[in-house]
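**Q** My structure is stored as start-v6.txt, with compact mmCIF, C-alpha atoms.
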# COMPACT_ATOMS: atom_id res chain seq x y z
CA MET A 103 83.79 85.29 97.27
CA GLU A 104 84.99 86.05 93.72
CA TYR A 105 83.57 89.59 93.98
CA PHE A 106 85.46 90.13 97.25
CA ILE A 107 88.75 89.00 95.68
CA ASN A 108 88.19 91.33 92.70
CA MET A 109 87.57 94.23 95.07
CA LEU A 110 90.82 93.51 96.94
CA VAL A 111 92.77 93.47 93.69
CA HIS A 112 91.29 96.82 92.64
CA VAL A 113 91.94 98.42 96.04
CA ASN A 114 95.57 97.26 96.00
CA ALA A 115 96.02 98.56 92.45
CA LEU A 116 94.62 101.96 93.45
CA LYS A 117 96.90 102.15 96.50
CA SER A 118 99.91 101.31 94.34
CA HIS A 119 98.90 103.89 91.72
CA LYS A 120 98.45 106.59 94.35
CA ARG A 121 101.84 105.76 95.85
CA GLU A 122 103.42 106.16 92.40
CA LEU A 123 101.70 109.53 91.94
CA PHE A 124 103.06 110.71 95.31
CA GLU A 125 106.58 109.76 94.19
CA ILE A 126 106.27 111.36 90.74
CA THR A 127 104.84 114.62 92.07
CA ASP A 128 106.93 114.70 95.26
CA THR A 129 103.82 114.97 97.43
CA LYS A 130 103.15 113.23 100.72
CA ASN A 131 99.37 112.98 100.94
CA THR A 132 96.14 113.36 99.00
CA PRO A 133 95.56 117.06 99.78
CA GLU A 134 99.08 117.89 98.53
CA LEU A 135 98.46 115.79 95.41
CA ILE A 136 95.22 117.68 94.72
CA LYS A 137 96.98 121.02 95.26
CA PHE A 138 99.71 119.94 92.82
CA GLY A 139 97.06 119.02 90.26
CA ILE A 140 95.32 122.38 90.58
CA GLN A 141 98.54 124.40 90.44
CA ASN A 142 99.71 122.56 87.32
CA GLY A 143 96.39 122.74 85.49
CA LEU A 144 95.69 119.01 85.80
CA ILE A 145 92.62 119.65 87.92
CA ILE A 146 90.31 122.52 87.00
CA VAL A 147 88.06 123.90 89.73
Could you express the structure from this file as structure tokens?

**A**
Amino acid sequence: MEYFINMLVHVNALKSHKRELFEITDTKNTPELIKFGIQNGLIIV
């Protein structure tokens, strides 16, 4: 049960972090966020 609770906490933290990234970068979804990262040199392909 403790493992399950830890997983929920981590998932919620990730969702919150992603939401903050969407706001900071003015993107609406993950593909847009990735495109932003590539265009601004934050992600190198």

**Q** Take atom CA of A:Val147 and atom CA of A:Thr132 and report the distance between them in Å, one decimal.

**A**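 Computed distance, atom CA of A:Val147 to atom CA of A:Thr132, equals 16.2 Å.
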
**Q** Could you state the separation of atom CA of A:Ile145 and atom CA of A:Lys117 in Å, given to one decimal place?

**A** 20.0 Å

**Q** Please compute the atom CA of A:Leu135-atom CA of A:Lys120 distance, one decimal, in Å.

**A**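 Atom-to-atom, atom CA of A:Leu135 to atom CA of A:Lys120, that is 9.3 Å.
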
**Q** Can you sort out the box for stretch 114-128 of chain A, edges along x, y and z, all listed atoms in, 4 Å on every side, with centre and edge lengths in Å to one decimal, as AutoDock Vina command-line options?

**A**
--center_x 100.8 --center_y 106.0 --center_z 93.6 --size_x 20.3 --size_y 25.4 --size_z 13.8
